[in-house]
Each structure stands twice: as C-alpha cells, then as structure tokens.
file start-v5.pdb (PDB, C-alpha atoms (C1' of nucleotides))
ATOM      1  CA  MET A   8      -8.085  26.969  20.383  1.00  0.00           C
ATOM      2  CA  SER A   9      -9.793  26.429  17.085  1.00  0.00           C
ATOM      3  CA  GLU A  10     -11.101  22.985  16.287  1.00  0.00           C
ATOM      4  CA  ASN A  11      -9.608  21.944  13.023  1.00  0.00           C
ATOM      5  CA  LYS A  12     -11.431  18.858  11.868  1.00  0.00           C
ATOM      6  CA  LYS A  13      -8.483  17.130  10.318  1.00  0.00           C
ATOM      7  CA  VAL A  14      -9.744  13.724   9.486  1.00  0.00           C
ATOM      8  CA  ASP A  15      -7.678  10.722   8.583  1.00  0.00           C
ATOM      9  CA  TYR A  16      -7.520   9.165   5.161  1.00  0.00           C
ATOM     10  CA  THR A  17     -10.195   6.705   4.093  1.00  0.00           C
ATOM     11  CA  GLU A  18      -9.551   2.999   3.702  1.00  0.00           C
ATOM     12  CA  ASP A  19      -9.904   3.367  -0.055  1.00  0.00           C
ATOM     13  CA  GLU A  20      -7.352   6.181  -0.172  1.00  0.00           C
ATOM     14  CA  ILE A  21      -4.844   4.129   1.791  1.00  0.00           C
ATOM     15  CA  ARG A  22      -5.392   1.008  -0.275  1.00  0.00           C
ATOM     16  CA  MET A  23      -5.348   2.807  -3.606  1.00  0.00           C
ATOM     17  CA  ALA A  24      -2.184   4.673  -2.623  1.00  0.00           C
ATOM     18  CA  ARG A  25      -0.549   1.292  -2.004  1.00  0.00           C
ATOM     19  CA  TYR A  26      -1.515   0.071  -5.448  1.00  0.00           C
ATOM     20  CA  ALA A  27      -0.463   3.345  -7.076  1.00  0.00           C
ATOM     21  CA  LYS A  28       2.914   3.056  -5.408  1.00  0.00           C
ATOM     22  CA  ALA A  29       3.335  -0.412  -6.870  1.00  0.00           C
ATOM     23  CA  LEU A  30       2.515   1.064 -10.296  1.00  0.00           C
ATOM     24  CA  SER A  31       4.806   4.060  -9.896  1.00  0.00           C
ATOM     25  CA  HIS A  32       7.860   2.646 -11.668  1.00  0.00           C
ATOM     26  CA  PRO A  33       8.086   1.834 -15.398  1.00  0.00           C
ATOM     27  CA  ALA A  34       9.839  -1.463 -14.666  1.00  0.00           C
ATOM     28  CA  ARG A  35       6.948  -2.641 -12.509  1.00  0.00           C
ATOM     29  CA  LEU A  36       4.415  -1.567 -15.123  1.00  0.00           C
ATOM     30  CA  ALA A  37       6.424  -3.469 -17.719  1.00  0.00           C
ATOM     31  CA  ILE A  38       6.388  -6.570 -15.518  1.00  0.00           C
ATOM     32  CA  LEU A  39       2.632  -6.322 -15.020  1.00  0.00           C
ATOM     33  CA  ASN A  40       2.128  -5.808 -18.754  1.00  0.00           C
ATOM     34  CA  ILE A  41       4.112  -8.974 -19.437  1.00  0.00           C
ATOM     35  CA  LEU A  42       2.114 -10.941 -16.862  1.00  0.00           C
ATOM     36  CA  SER A  43      -1.230  -9.665 -18.116  1.00  0.00           C
ATOM     37  CA  THR A  44      -0.498 -10.848 -21.656  1.00  0.00           C
ATOM     38  CA  GLN A  45       1.216 -14.130 -20.783  1.00  0.00           C
ATOM     39  CA  SER A  46      -0.735 -15.046 -17.632  1.00  0.00           C
ATOM     40  CA  LYS A  47       2.283 -16.959 -16.333  1.00  0.00           C
ATOM     41  CA  CYS A  48       5.962 -16.181 -16.651  1.00  0.00           C
ATOM     42  CA  PHE A  49       9.243 -17.395 -15.199  1.00  0.00           C
ATOM     43  CA  CYS A  50      11.319 -14.889 -13.313  1.00  0.00           C
ATOM     44  CA  GLY A  51      14.222 -15.373 -15.721  1.00  0.00           C
ATOM     45  CA  ASP A  52      12.078 -14.444 -18.712  1.00  0.00           C
ATOM     46  CA  ILE A  53      11.059 -11.230 -17.014  1.00  0.00           C
ATOM     47  CA  VAL A  54      14.683 -10.431 -16.203  1.00  0.00           C
ATOM     48  CA  SER A  55      15.704 -10.848 -19.831  1.00  0.00           C
ATOM     49  CA  GLU A  56      13.009  -8.449 -21.011  1.00  0.00           C
ATOM     50  CA  LEU A  57      14.077  -5.612 -18.744  1.00  0.00           C
ATOM     51  CA  PRO A  58      17.148  -3.372 -18.889  1.00  0.00           C
ATOM     52  CA  LEU A  59      18.018  -4.105 -15.270  1.00  0.00           C
ATOM     53  CA  ALA A  60      20.195  -6.439 -13.242  1.00  0.00           C
ATOM     54  CA  GLN A  61      18.644  -9.670 -11.978  1.00  0.00           C
ATOM     55  CA  SER A  62      18.804  -8.503  -8.382  1.00  0.00           C
ATOM     56  CA  THR A  63      16.998  -5.280  -9.228  1.00  0.00           C
ATOM     57  CA  VAL A  64      14.230  -7.126 -11.039  1.00  0.00           C
ATOM     58  CA  SER A  65      13.900  -9.464  -8.075  1.00  0.00           C
ATOM     59  CA  GLN A  66      13.474  -6.415  -5.860  1.00  0.00           C
ATOM     60  CA  HIS A  67      10.714  -5.033  -8.098  1.00  0.00           C
ATOM     61  CA  LEU A  68       9.008  -8.433  -8.095  1.00  0.00           C
ATOM     62  CA  LYS A  69       9.114  -8.424  -4.308  1.00  0.00           C
ATOM     63  CA  GLU A  70       7.433  -5.031  -4.207  1.00  0.00           C
ATOM     64  CA  LEU A  71       4.721  -6.227  -6.547  1.00  0.00           C
ATOM     65  CA  LYS A  72       4.243  -9.315  -4.380  1.00  0.00           C
ATOM     66  CA  ASP A  73       4.044  -7.115  -1.266  1.00  0.00           C
ATOM     67  CA  SER A  74       1.366  -4.972  -2.926  1.00  0.00           C
ATOM     68  CA  GLY A  75      -0.622  -8.145  -3.487  1.00  0.00           C
ATOM     69  CA  LEU A  76      -0.913  -7.624  -7.236  1.00  0.00           C
ATOM     70  CA  ILE A  77       1.143 -10.696  -8.134  1.00  0.00           C
ATOM     71  CA  HIS A  78       2.326 -13.897  -6.583  1.00  0.00           C
ATOM     72  CA  GLY A  79       5.005 -16.433  -7.430  1.00  0.00           C
ATOM     73  CA  GLU A  80       5.081 -20.200  -7.274  1.00  0.00           C
ATOM     74  CA  ILE A  81       8.260 -22.191  -7.016  1.00  0.00           C
ATOM     75  CA  GLU A  82       8.783 -24.712  -9.818  1.00  0.00           C
ATOM     76  CA  PRO A  83      12.325 -25.743  -9.041  1.00  0.00           C
ATOM     77  CA  PRO A  84      14.687 -24.401  -9.944  1.00  0.00           C
ATOM     78  CA  LYS A  85      12.546 -21.617 -11.417  1.00  0.00           C
ATOM     79  CA  VAL A  86       9.845 -19.373 -10.039  1.00  0.00           C
ATOM     80  CA  CYS A  87       6.672 -18.778 -11.988  1.00  0.00           C
ATOM     81  CA  TYR A  88       4.925 -15.455 -11.481  1.00  0.00           C
ATOM     82  CA  CYS A  89       1.358 -14.497 -12.259  1.00  0.00           C
ATOM     83  CA  LEU A  90      -1.180 -11.798 -11.502  1.00  0.00           C
ATOM     84  CA  ASN A  91      -3.357 -12.143  -8.425  1.00  0.00           C
ATOM     85  CA  PRO A  92      -6.820 -11.772  -9.982  1.00  0.00           C
ATOM     86  CA  THR A  93      -8.558 -10.830  -6.745  1.00  0.00           C
ATOM     87  CA  GLU A  94      -6.287  -7.907  -5.919  1.00  0.00           C
ATOM     88  CA  TRP A  95      -6.095  -6.932  -9.571  1.00  0.00           C
ATOM     89  CA  TYR A  96      -9.866  -6.629  -9.645  1.00  0.00           C
ATOM     90  CA  ILE A  97      -9.958  -4.579  -6.457  1.00  0.00           C
ATOM     91  CA  ALA A  98      -7.316  -2.226  -7.866  1.00  0.00           C
ATOM     92  CA  LYS A  99      -9.156  -1.946 -11.152  1.00  0.00           C
ATOM     93  CA  LYS A 100     -12.378  -1.016  -9.372  1.00  0.00           C
ATOM     94  CA  LEU A 101     -10.654   1.530  -7.129  1.00  0.00           C
ATOM     95  CA  PHE A 102      -8.972   3.307 -10.036  1.00  0.00           C
ATOM     96  CA  LYS A 103     -12.134   3.224 -12.114  1.00  0.00           C
ATOM     97  CA  LYS A 104     -14.158   4.736  -9.310  1.00  0.00           C
ATOM     98  CA  PHE A 105     -11.467   7.308  -8.655  1.00  0.00           C
ATOM     99  CA  PHE A 106     -11.476   8.600 -12.223  1.00  0.00           C
ATOM    100  CA  GLU A 107     -15.305   8.504 -12.217  1.00  0.00           C
TER     101      GLU A 107
ATOM    102  CA  MET B  23      28.756 -12.219 -26.167  1.00  0.00           C
ATOM    103  CA  SER B  24      25.095 -12.999 -26.008  1.00  0.00           C
ATOM    104  CA  GLU B  25      22.656 -10.446 -27.338  1.00  0.00           C
ATOM    105  CA  ASN B  26      20.190  -9.722 -24.638  1.00  0.00           C
ATOM    106  CA  LYS B  27      17.427  -7.699 -26.179  1.00  0.00           C
ATOM    107  CA  LYS B  28      16.771  -5.492 -23.229  1.00  0.00           C
ATOM    108  CA  VAL B  29      14.435  -2.893 -24.535  1.00  0.00           C
ATOM    109  CA  ASP B  30      13.566   0.372 -22.912  1.00  0.00           C
ATOM    110  CA  TYR B  31      10.230   1.214 -21.403  1.00  0.00           C
ATOM    111  CA  THR B  32       7.397   2.428 -23.620  1.00  0.00           C
ATOM    112  CA  GLU B  33       6.159   6.011 -23.608  1.00  0.00           C
ATOM    113  CA  ASP B  34       2.935   4.822 -21.991  1.00  0.00           C
ATOM    114  CA  GLU B  35       4.803   3.020 -19.233  1.00  0.00           C
ATOM    115  CA  ILE B  36       6.857   6.116 -18.466  1.00  0.00           C
ATOM    116  CA  ARG B  37       3.863   8.431 -18.509  1.00  0.00           C
ATOM    117  CA  MET B  38       1.628   6.144 -16.498  1.00  0.00           C
ATOM    118  CA  ALA B  39       4.395   5.623 -13.925  1.00  0.00           C
ATOM    119  CA  ARG B  40       4.522   9.414 -13.498  1.00  0.00           C
ATOM    120  CA  TYR B  41       0.782   9.570 -12.867  1.00  0.00           C
ATOM    121  CA  ALA B  42       0.902   6.566 -10.556  1.00  0.00           C
ATOM    122  CA  LYS B  43       3.627   8.257  -8.552  1.00  0.00           C
ATOM    123  CA  ALA B  44       1.424  11.323  -8.158  1.00  0.00           C
ATOM    124  CA  LEU B  45      -1.349   9.023  -6.897  1.00  0.00           C
ATOM    125  CA  SER B  46       0.911   7.048  -4.568  1.00  0.00           C
ATOM    126  CA  HIS B  47       0.241   9.002  -1.368  1.00  0.00           C
ATOM    127  CA  PRO B  48      -3.095   9.079   0.500  1.00  0.00           C
ATOM    128  CA  ALA B  49      -2.822  12.850   1.008  1.00  0.00           C
ATOM    129  CA  ARG B  50      -2.594  13.435  -2.734  1.00  0.00           C
ATOM    130  CA  LEU B  51      -5.516  11.100  -3.396  1.00  0.00           C
ATOM    131  CA  ALA B  52      -7.498  12.993  -0.766  1.00  0.00           C
ATOM    132  CA  ILE B  53      -6.666  16.294  -2.473  1.00  0.00           C
ATOM    133  CA  LEU B  54      -7.725  14.952  -5.865  1.00  0.00           C
ATOM    134  CA  ASN B  55     -10.928  13.572  -4.352  1.00  0.00           C
ATOM    135  CA  ILE B  56     -11.716  16.997  -2.941  1.00  0.00           C
ATOM    136  CA  LEU B  57     -11.020  18.688  -6.266  1.00  0.00           C
ATOM    137  CA  SER B  58     -13.048  16.184  -8.251  1.00  0.00           C
ATOM    138  CA  THR B  59     -16.126  16.792  -6.124  1.00  0.00           C
ATOM    139  CA  GLN B  60     -15.752  20.549  -5.704  1.00  0.00           C
ATOM    140  CA  SER B  61     -14.196  21.421  -9.067  1.00  0.00           C
ATOM    141  CA  LYS B  62     -12.470  24.415  -7.488  1.00  0.00           C
ATOM    142  CA  CYS B  63     -10.958  24.814  -4.059  1.00  0.00           C
ATOM    143  CA  PHE B  64      -8.750  27.259  -2.208  1.00  0.00           C
ATOM    144  CA  CYS B  65      -5.467  25.994  -0.902  1.00  0.00           C
ATOM    145  CA  GLY B  66      -6.469  26.886   2.661  1.00  0.00           C
ATOM    146  CA  ASP B  67      -9.584  24.726   2.483  1.00  0.00           C
ATOM    147  CA  ILE B  68      -7.514  21.776   1.379  1.00  0.00           C
ATOM    148  CA  VAL B  69      -5.048  22.370   4.208  1.00  0.00           C
ATOM    149  CA  SER B  70      -7.831  22.340   6.781  1.00  0.00           C
ATOM    150  CA  GLU B  71      -9.164  19.016   5.515  1.00  0.00           C
ATOM    151  CA  LEU B  72      -5.873  17.207   5.837  1.00  0.00           C
ATOM    152  CA  PRO B  73      -3.977  16.070   8.938  1.00  0.00           C
ATOM    153  CA  LEU B  74      -0.777  17.758   7.773  1.00  0.00           C
ATOM    154  CA  ALA B  75       1.088  21.032   8.190  1.00  0.00           C
ATOM    155  CA  GLN B  76       0.439  23.779   5.661  1.00  0.00           C
ATOM    156  CA  SER B  77       3.937  23.488   4.228  1.00  0.00           C
ATOM    157  CA  THR B  78       3.542  19.753   3.714  1.00  0.00           C
ATOM    158  CA  VAL B  79       0.242  20.205   1.901  1.00  0.00           C
ATOM    159  CA  SER B  80       1.854  22.866  -0.264  1.00  0.00           C
ATOM    160  CA  GLN B  81       4.541  20.367  -1.157  1.00  0.00           C
ATOM    161  CA  HIS B  82       1.946  17.738  -2.139  1.00  0.00           C
ATOM    162  CA  LEU B  83       0.126  20.339  -4.220  1.00  0.00           C
ATOM    163  CA  LYS B  84       3.377  21.123  -5.995  1.00  0.00           C
ATOM    164  CA  GLU B  85       3.879  17.473  -6.844  1.00  0.00           C
ATOM    165  CA  LEU B  86       0.369  17.244  -8.227  1.00  0.00           C
ATOM    166  CA  LYS B  87       1.000  20.372 -10.266  1.00  0.00           C
ATOM    167  CA  ASP B  88       4.257  18.904 -11.557  1.00  0.00           C
ATOM    168  CA  SER B  89       2.460  15.736 -12.610  1.00  0.00           C
ATOM    169  CA  GLY B  90       0.101  17.906 -14.628  1.00  0.00           C
ATOM    170  CA  LEU B  91      -3.027  16.578 -12.941  1.00  0.00           C
ATOM    171  CA  ILE B  92      -3.943  19.897 -11.323  1.00  0.00           C
ATOM    172  CA  HIS B  93      -3.186  23.566 -11.661  1.00  0.00           C
ATOM    173  CA  GLY B  94      -3.623  26.588  -9.442  1.00  0.00           C
ATOM    174  CA  GLU B  95      -4.698  30.120 -10.147  1.00  0.00           C
ATOM    175  CA  ILE B  96      -3.827  33.050  -7.938  1.00  0.00           C
ATOM    176  CA  GLU B  97      -6.820  34.956  -6.591  1.00  0.00           C
ATOM    177  CA  PRO B  98      -5.054  37.232  -4.144  1.00  0.00           C
ATOM    178  CA  PRO B  99      -4.385  36.542  -1.456  1.00  0.00           C
ATOM    179  CA  LYS B 100      -5.581  33.006  -2.031  1.00  0.00           C
ATOM    180  CA  VAL B 101      -4.784  30.335  -4.594  1.00  0.00           C
ATOM    181  CA  CYS B 102      -7.567  28.375  -6.233  1.00  0.00           C
ATOM    182  CA  TYR B 103      -6.767  24.837  -7.344  1.00  0.00           C
ATOM    183  CA  CYS B 104      -8.606  22.661  -9.833  1.00  0.00           C
ATOM    184  CA  LEU B 105      -8.124  19.513 -11.854  1.00  0.00           C
ATOM    185  CA  ASN B 106      -6.546  19.738 -15.287  1.00  0.00           C
ATOM    186  CA  PRO B 107      -9.189  17.950 -17.409  1.00  0.00           C
ATOM    187  CA  THR B 108      -6.836  17.172 -20.296  1.00  0.00           C
ATOM    188  CA  GLU B 109      -4.240  15.360 -18.208  1.00  0.00           C
ATOM    189  CA  TRP B 110      -6.941  13.782 -16.073  1.00  0.00           C
ATOM    190  CA  TYR B 111      -8.465  12.266 -19.194  1.00  0.00           C
ATOM    191  CA  ILE B 112      -5.112  10.982 -20.434  1.00  0.00           C
ATOM    192  CA  ALA B 113      -4.448   9.381 -17.050  1.00  0.00           C
ATOM    193  CA  LYS B 114      -7.909   7.869 -16.952  1.00  0.00           C
ATOM    194  CA  LYS B 115      -7.435   6.309 -20.379  1.00  0.00           C
ATOM    195  CA  LEU B 116      -3.982   4.954 -19.523  1.00  0.00           C
ATOM    196  CA  PHE B 117      -5.193   3.286 -16.326  1.00  0.00           C
ATOM    197  CA  LYS B 118      -8.293   1.926 -18.006  1.00  0.00           C
ATOM    198  CA  LYS B 119      -6.256   0.406 -20.819  1.00  0.00           C
ATOM    199  CA  PHE B 120      -3.762  -0.969 -18.343  1.00  0.00           C
ATOM    200  CA  PHE B 121      -6.385  -2.871 -16.362  1.00  0.00           C
ATOM    201  CA  GLU B 122      -7.991  -4.013 -19.649  1.00  0.00           C
TER     202      GLU B 122
ATOM    203  C1'  DG C  27      29.614 -35.431  -4.106  1.00  0.00           C
ATOM    204  C1'  DA C  28      30.708 -31.640  -7.416  1.00  0.00           C
ATOM    205  C1'  DT C  29      28.835 -28.439 -10.682  1.00  0.00           C
ATOM    206  C1'  DA C  30      25.448 -25.649 -12.955  1.00  0.00           C
ATOM    207  C1'  DT C  31      21.144 -23.064 -12.896  1.00  0.00           C
ATOM    208  C1'  DT C  32      17.950 -20.097 -10.974  1.00  0.00           C
ATOM    209  C1'  DT C  33      16.303 -16.767  -7.791  1.00  0.00           C
ATOM    210  C1'  DA C  34      16.299 -14.243  -3.267  1.00  0.00           C
ATOM    211  C1'  DT C  35      18.774 -11.671  -0.101  1.00  0.00           C
ATOM    212  C1'  DC C  36      22.628  -8.796   1.762  1.00  0.00           C
ATOM    213  C1'  DG C  37      25.476  -4.819   1.721  1.00  0.00           C
ATOM    214  C1'  DT C  38      25.842  -0.445   0.144  1.00  0.00           C
ATOM    215  C1'  DA C  39      25.900   4.058  -2.420  1.00  0.00           C
ATOM    216  C1'  DA C  40      23.294   7.745  -4.363  1.00  0.00           C
ATOM    217  C1'  DC C  41      19.159   9.859  -4.520  1.00  0.00           C
ATOM    218  C1'  DT C  42      14.256  10.946  -3.403  1.00  0.00           C
ATOM    219  C1'  DT C  43      10.316  11.485  -0.348  1.00  0.00           C
ATOM    220  C1'  DT C  44       7.951  13.002   3.543  1.00  0.00           C
ATOM    221  C1'  DA C  45       7.384  15.703   7.272  1.00  0.00           C
ATOM    222  C1'  DC C  46       8.007  19.904  10.053  1.00  0.00           C
ATOM    223  C1'  DG C  47       8.951  24.822  11.541  1.00  0.00           C
ATOM    224  C1'  DA C  48      10.634  29.165  10.082  1.00  0.00           C
ATOM    225  C1'  DT C  49      10.608  32.595   6.859  1.00  0.00           C
ATOM    226  C1'  DA C  50       9.670  35.211   2.647  1.00  0.00           C
ATOM    227  C1'  DA C  51       6.507  37.269  -0.655  1.00  0.00           C
ATOM    228  C1'  DA C  52       2.304  39.198  -2.042  1.00  0.00           C
ATOM    229  C1'  DT C  53      -1.730  41.422  -1.166  1.00  0.00           C
ATOM    230  C1'  DA C  54      -5.633  43.335   1.729  1.00  0.00           C
ATOM    231  C1'  DA C  55      -7.295  45.879   5.618  1.00  0.00           C
ATOM    232  C1'  DT C  56      -6.705  49.122   9.313  1.00  0.00           C
TER     233       DT C  56
ATOM    234  C1'  DA D  12       2.861  52.648   7.076  1.00  0.00           C
ATOM    235  C1'  DT D  13       1.607  48.734   9.913  1.00  0.00           C
ATOM    236  C1'  DT D  14      -0.614  44.564  10.474  1.00  0.00           C
ATOM    237  C1'  DA D  15      -2.961  40.397   9.152  1.00  0.00           C
ATOM    238  C1'  DT D  16      -3.792  36.713   5.841  1.00  0.00           C
ATOM    239  C1'  DT D  17      -2.453  33.404   2.683  1.00  0.00           C
ATOM    240  C1'  DT D  18       0.673  30.488   0.305  1.00  0.00           C
ATOM    241  C1'  DA D  19       5.330  29.086  -1.448  1.00  0.00           C
ATOM    242  C1'  DT D  20       9.883  28.143  -0.424  1.00  0.00           C
ATOM    243  C1'  DC D  21      14.022  27.057   2.462  1.00  0.00           C
ATOM    244  C1'  DG D  22      16.521  24.261   5.598  1.00  0.00           C
ATOM    245  C1'  DT D  23      16.729  19.977   7.487  1.00  0.00           C
ATOM    246  C1'  DA D  24      16.101  15.338   9.632  1.00  0.00           C
ATOM    247  C1'  DA D  25      14.488  10.754   9.091  1.00  0.00           C
ATOM    248  C1'  DA D  26      13.094   7.272   6.260  1.00  0.00           C
ATOM    249  C1'  DG D  27      12.424   5.082   1.846  1.00  0.00           C
ATOM    250  C1'  DT D  28      13.710   3.937  -3.118  1.00  0.00           C
ATOM    251  C1'  DT D  29      16.536   2.384  -6.736  1.00  0.00           C
ATOM    252  C1'  DA D  30      20.339   0.440  -8.510  1.00  0.00           C
ATOM    253  C1'  DC D  31      24.304  -2.750  -8.523  1.00  0.00           C
ATOM    254  C1'  DG D  32      27.529  -6.734  -7.484  1.00  0.00           C
ATOM    255  C1'  DA D  33      28.361 -10.459  -4.420  1.00  0.00           C
ATOM    256  C1'  DT D  34      26.676 -14.191  -2.128  1.00  0.00           C
ATOM    257  C1'  DA D  35      23.526 -17.686  -0.312  1.00  0.00           C
ATOM    258  C1'  DA D  36      19.986 -21.216  -0.919  1.00  0.00           C
ATOM    259  C1'  DA D  37      17.667 -24.670  -3.358  1.00  0.00           C
ATOM    260  C1'  DT D  38      17.425 -27.969  -6.663  1.00  0.00           C
ATOM    261  C1'  DA D  39      18.843 -30.516 -10.875  1.00  0.00           C
ATOM    262  C1'  DT D  40      22.474 -32.851 -13.537  1.00  0.00           C
ATOM    263  C1'  DC D  41      26.750 -34.994 -14.240  1.00  0.00           C
TER     264       DC D  41
END

call {"tool": "encode", "arguments": {"input": "start-v5.pdb", "output": "structure tokens"}}
result
Amino acid sequence: MSENKKVDYTEDEIRMARYAKALSHPARLAILNILSTQSKCFCGDIVSELPLAQSTVSQHLKELKDSGLIHGEIEPPKVCYCLNPTEWYIAKKLFKKFFE
Amino acid sequence: MSENKKVDYTEDEIRMARYAKALSHPARLAILNILSTQSKCFCGDIVSELPLAQSTVSQHLKELKDSGLIHGEIEPPKVCYCLNPTEWYIAKKLFKKFFE
DNA sequence: GATATTTATCGTAACTTTACGATAAATAAT
DNA sequence: ATTATTTATCGTAAAGTTACGATAAATATC
C-alpha cells in the first residue's frame, strides 16, 4: 500500500477558519463594523440597525461571542457589546499573514 | 407604525462575506496556502496533501473557483490550479480595511 | 406585586455544507 | 480498441446554518 502523507491542518488554519466562519455572513460583518466604529453598543441598537428579527440578531451575536471576536456585558436590563481586542488582533495578524 | 430604518447590507459586506465563506474551512485555507507558495499546482498534488477523499477536495476546489479566488486550467489529463490575482487583491484590500 | 423592557433561548422549517463512494468523461498509452 | 490516469459530477447521509415567532428570565418602574 502506498504511503500517502496526508497531514492534518495547522493550528493557524484551524483558528483562521474559525474566524473566517464568523465573518462569513453580512449581518455579522455589519455588527462588527458597528462595534469597531462605536467601541460599545447595546444589543437593542444593533437590532434596530439590521433587517432581521431580534432573535436572529441574538443568534448572530452568540456566534460572534463563540468565535471570541466580541463579548457582552450585562448592564441591566440591557447588554452592552464590544470587540475583544486580543482576539481581534490575532485575527488581524492571521489574515494579514495569509494574504502576504 | 414606527419607522425602523433597517438598511440592507453594503456591497463590501456582501462581497467580503462571500470571501470569508470561501476561507471558512481549514481544507480551503490549506489549498490556498499551497497555491500561494507554489503559484501553480495540479489537482492531484493538492489531493495528496489533504486528509480528504478526491471527490471532497474537488468539491472544495469548486467552491474556491466559485468564490473567484482561484481558477483551473485543463492540461490533459490533469488540471492545473492557481490563484486569481485580481480577486485575491480585492479580498486582501477588503480584509485589510475591515481590520483597520 | 403587577407591568414593561430588554435580551437569550427554544422549537422548528427550509436550506446549505461536508463528507464519502461510485461513476462518468476526457485523454494518453499500450 | 483496450486500459490506465485524472478529475468532475451524482447520489446521498449526517450535520450545521439561517431565519422566524413564541416564550422565558432578569431587572426596573409603577
């Protein structure tokens, strides 16, 4: 039998794929664009800027949280979202390196 | 009734989301990494570098083609793939701008 | 305590993605 | 002509994504 050297993906490939997935929907890009200009934003404000139901926006916010790119803080009864600078920087570096 | 100014996504958001989707799987990142270092590569060589069946790799290559980031030329009986510099540059600029 | 506000989660339908093996199509070599 | 090589496509199963409305949970206000 022939030895086919099929090697697994690198850590960078796996991590960057995770970030790319988070960026792969216009609604999530729109959310990130809002957060990168306003630095902090209540969930409700994000909802009212998008053409989507509140529950759908909440789902997108959850995915962005899961990717690590944002996090939310509860300020009852609202929730304030902002970028996570550490992960943002890692993503930025990965994409920059990727495109050379 | 209240006017909720829900505006559609921008052209950039839609286009960048398409690129991000193409980049959202480690196998496709691995393929692009191969092509960016080798400039040209036969389909078979790509298949043998990935831990996936030939048909699955072919499917990933199709998605990359559909995104515009690569294209393939037939050199019978093989197919030679390479990056599409124009789209690559557009993607690079979009991601750079996005991360500031 | 009852009501209003805000956001997350549940349930669910429609669609897409990812993976594989099998097969077809196209050409080259015997 | 037959056979081998290479790649795309088909069929398909399992899992994931995207959207919505309804509802729950948590807190503030009356």

call {"tool": "closest_atom_pairs", "arguments": {"input": "start-v5.pdb", "of": "chain B", "to": "chain A", "cutoff": "6 Å", "atoms": "all atoms listed in the file", "output": "Markdown table"}}
result
| residue | atom | partner | partner_atom | distance |
| --- | --- | --- | --- | --- |
| B:Lys28 | CA | A:Pro58 | CA | 4.8 |
| B:Glu35 | CA | A:Pro33 | CA | 5.2 |
| B:Ile36 | CA | A:Pro33 | CA | 5.4 |
| B:Ala39 | CA | A:Ser31 | CA | 4.3 |
| B:Ala42 | CA | A:Ser31 | CA | 4.7 |
| B:Lys43 | CA | A:Ser31 | CA | 4.6 |
| B:Leu45 | CA | A:Ala27 | CA | 5.7 |
| B:Ser46 | CA | A:Ala24 | CA | 4.4 |
| B:His47 | CA | A:Ala24 | CA | 5.1 |
| B:Pro48 | CA | A:Glu20 | CA | 5.2 |
| B:Glu71 | CA | A:Lys13 | CA | 5.2 |
| B:Leu72 | CA | A:Lys13 | CA | 5.2 |
| B:Pro73 | CA | A:Lys13 | CA | 4.8 |
| B:Lys114 | CA | A:Phe106 | CA | 6.0 |
| B:Phe121 | CA | A:Lys99 | CA | 6.0 |

call {"tool": "resolve_selection", "arguments": {"input": "start-v5.pdb", "expression": "the PyMOL selection byres ((chain C) within 8 of (chain A))", "output": "ChimeraX atom specification"}}
result
/C:31-34

call {"tool": "resolve_selection", "arguments": {"input": "start-v5.pdb", "expression": "the PyMOL selection byres ((chain D) within 9 of (chain A))", "output": "PyMOL selection string"}}
result
chain D and resi 29-32+37-39

call {"tool": "write_last_selection", "arguments": {"input": "start-v5.pdb", "atoms": "C-alpha atoms (C1' of nucleotides)", "output": "PDB file, in the coordinates of the input"}}
result
ATOM      1  C1'  DT D  29      16.536   2.384  -6.736  1.00  0.00           C
ATOM      2  C1'  DA D  30      20.339   0.440  -8.510  1.00  0.00           C
ATOM      3  C1'  DC D  31      24.304  -2.750  -8.523  1.00  0.00           C
ATOM      4  C1'  DG D  32      27.529  -6.734  -7.484  1.00  0.00           C
ATOM      5  C1'  DA D  37      17.667 -24.670  -3.358  1.00  0.00           C
ATOM      6  C1'  DT D  38      17.425 -27.969  -6.663  1.00  0.00           C
ATOM      7  C1'  DA D  39      18.843 -30.516 -10.875  1.00  0.00           C
TER       8       DA D  39
END

call {"tool": "atom_distance", "arguments": {"input": "start-v5.pdb", "atom1": "atom CA of Glu109 of chain B", "atom2": "atom CA of Gly90 of chain B"}}
result
6.2 Å

call {"tool": "resolve_selection", "arguments": {"input": "start-v5.pdb", "expression": "the PyMOL selection byres ((chain D and resi 27) around 10)", "output": "MDAnalysis selection string"}}
result
(chainID C and resid 42:44) or (chainID D and resid 25:26 28:29)
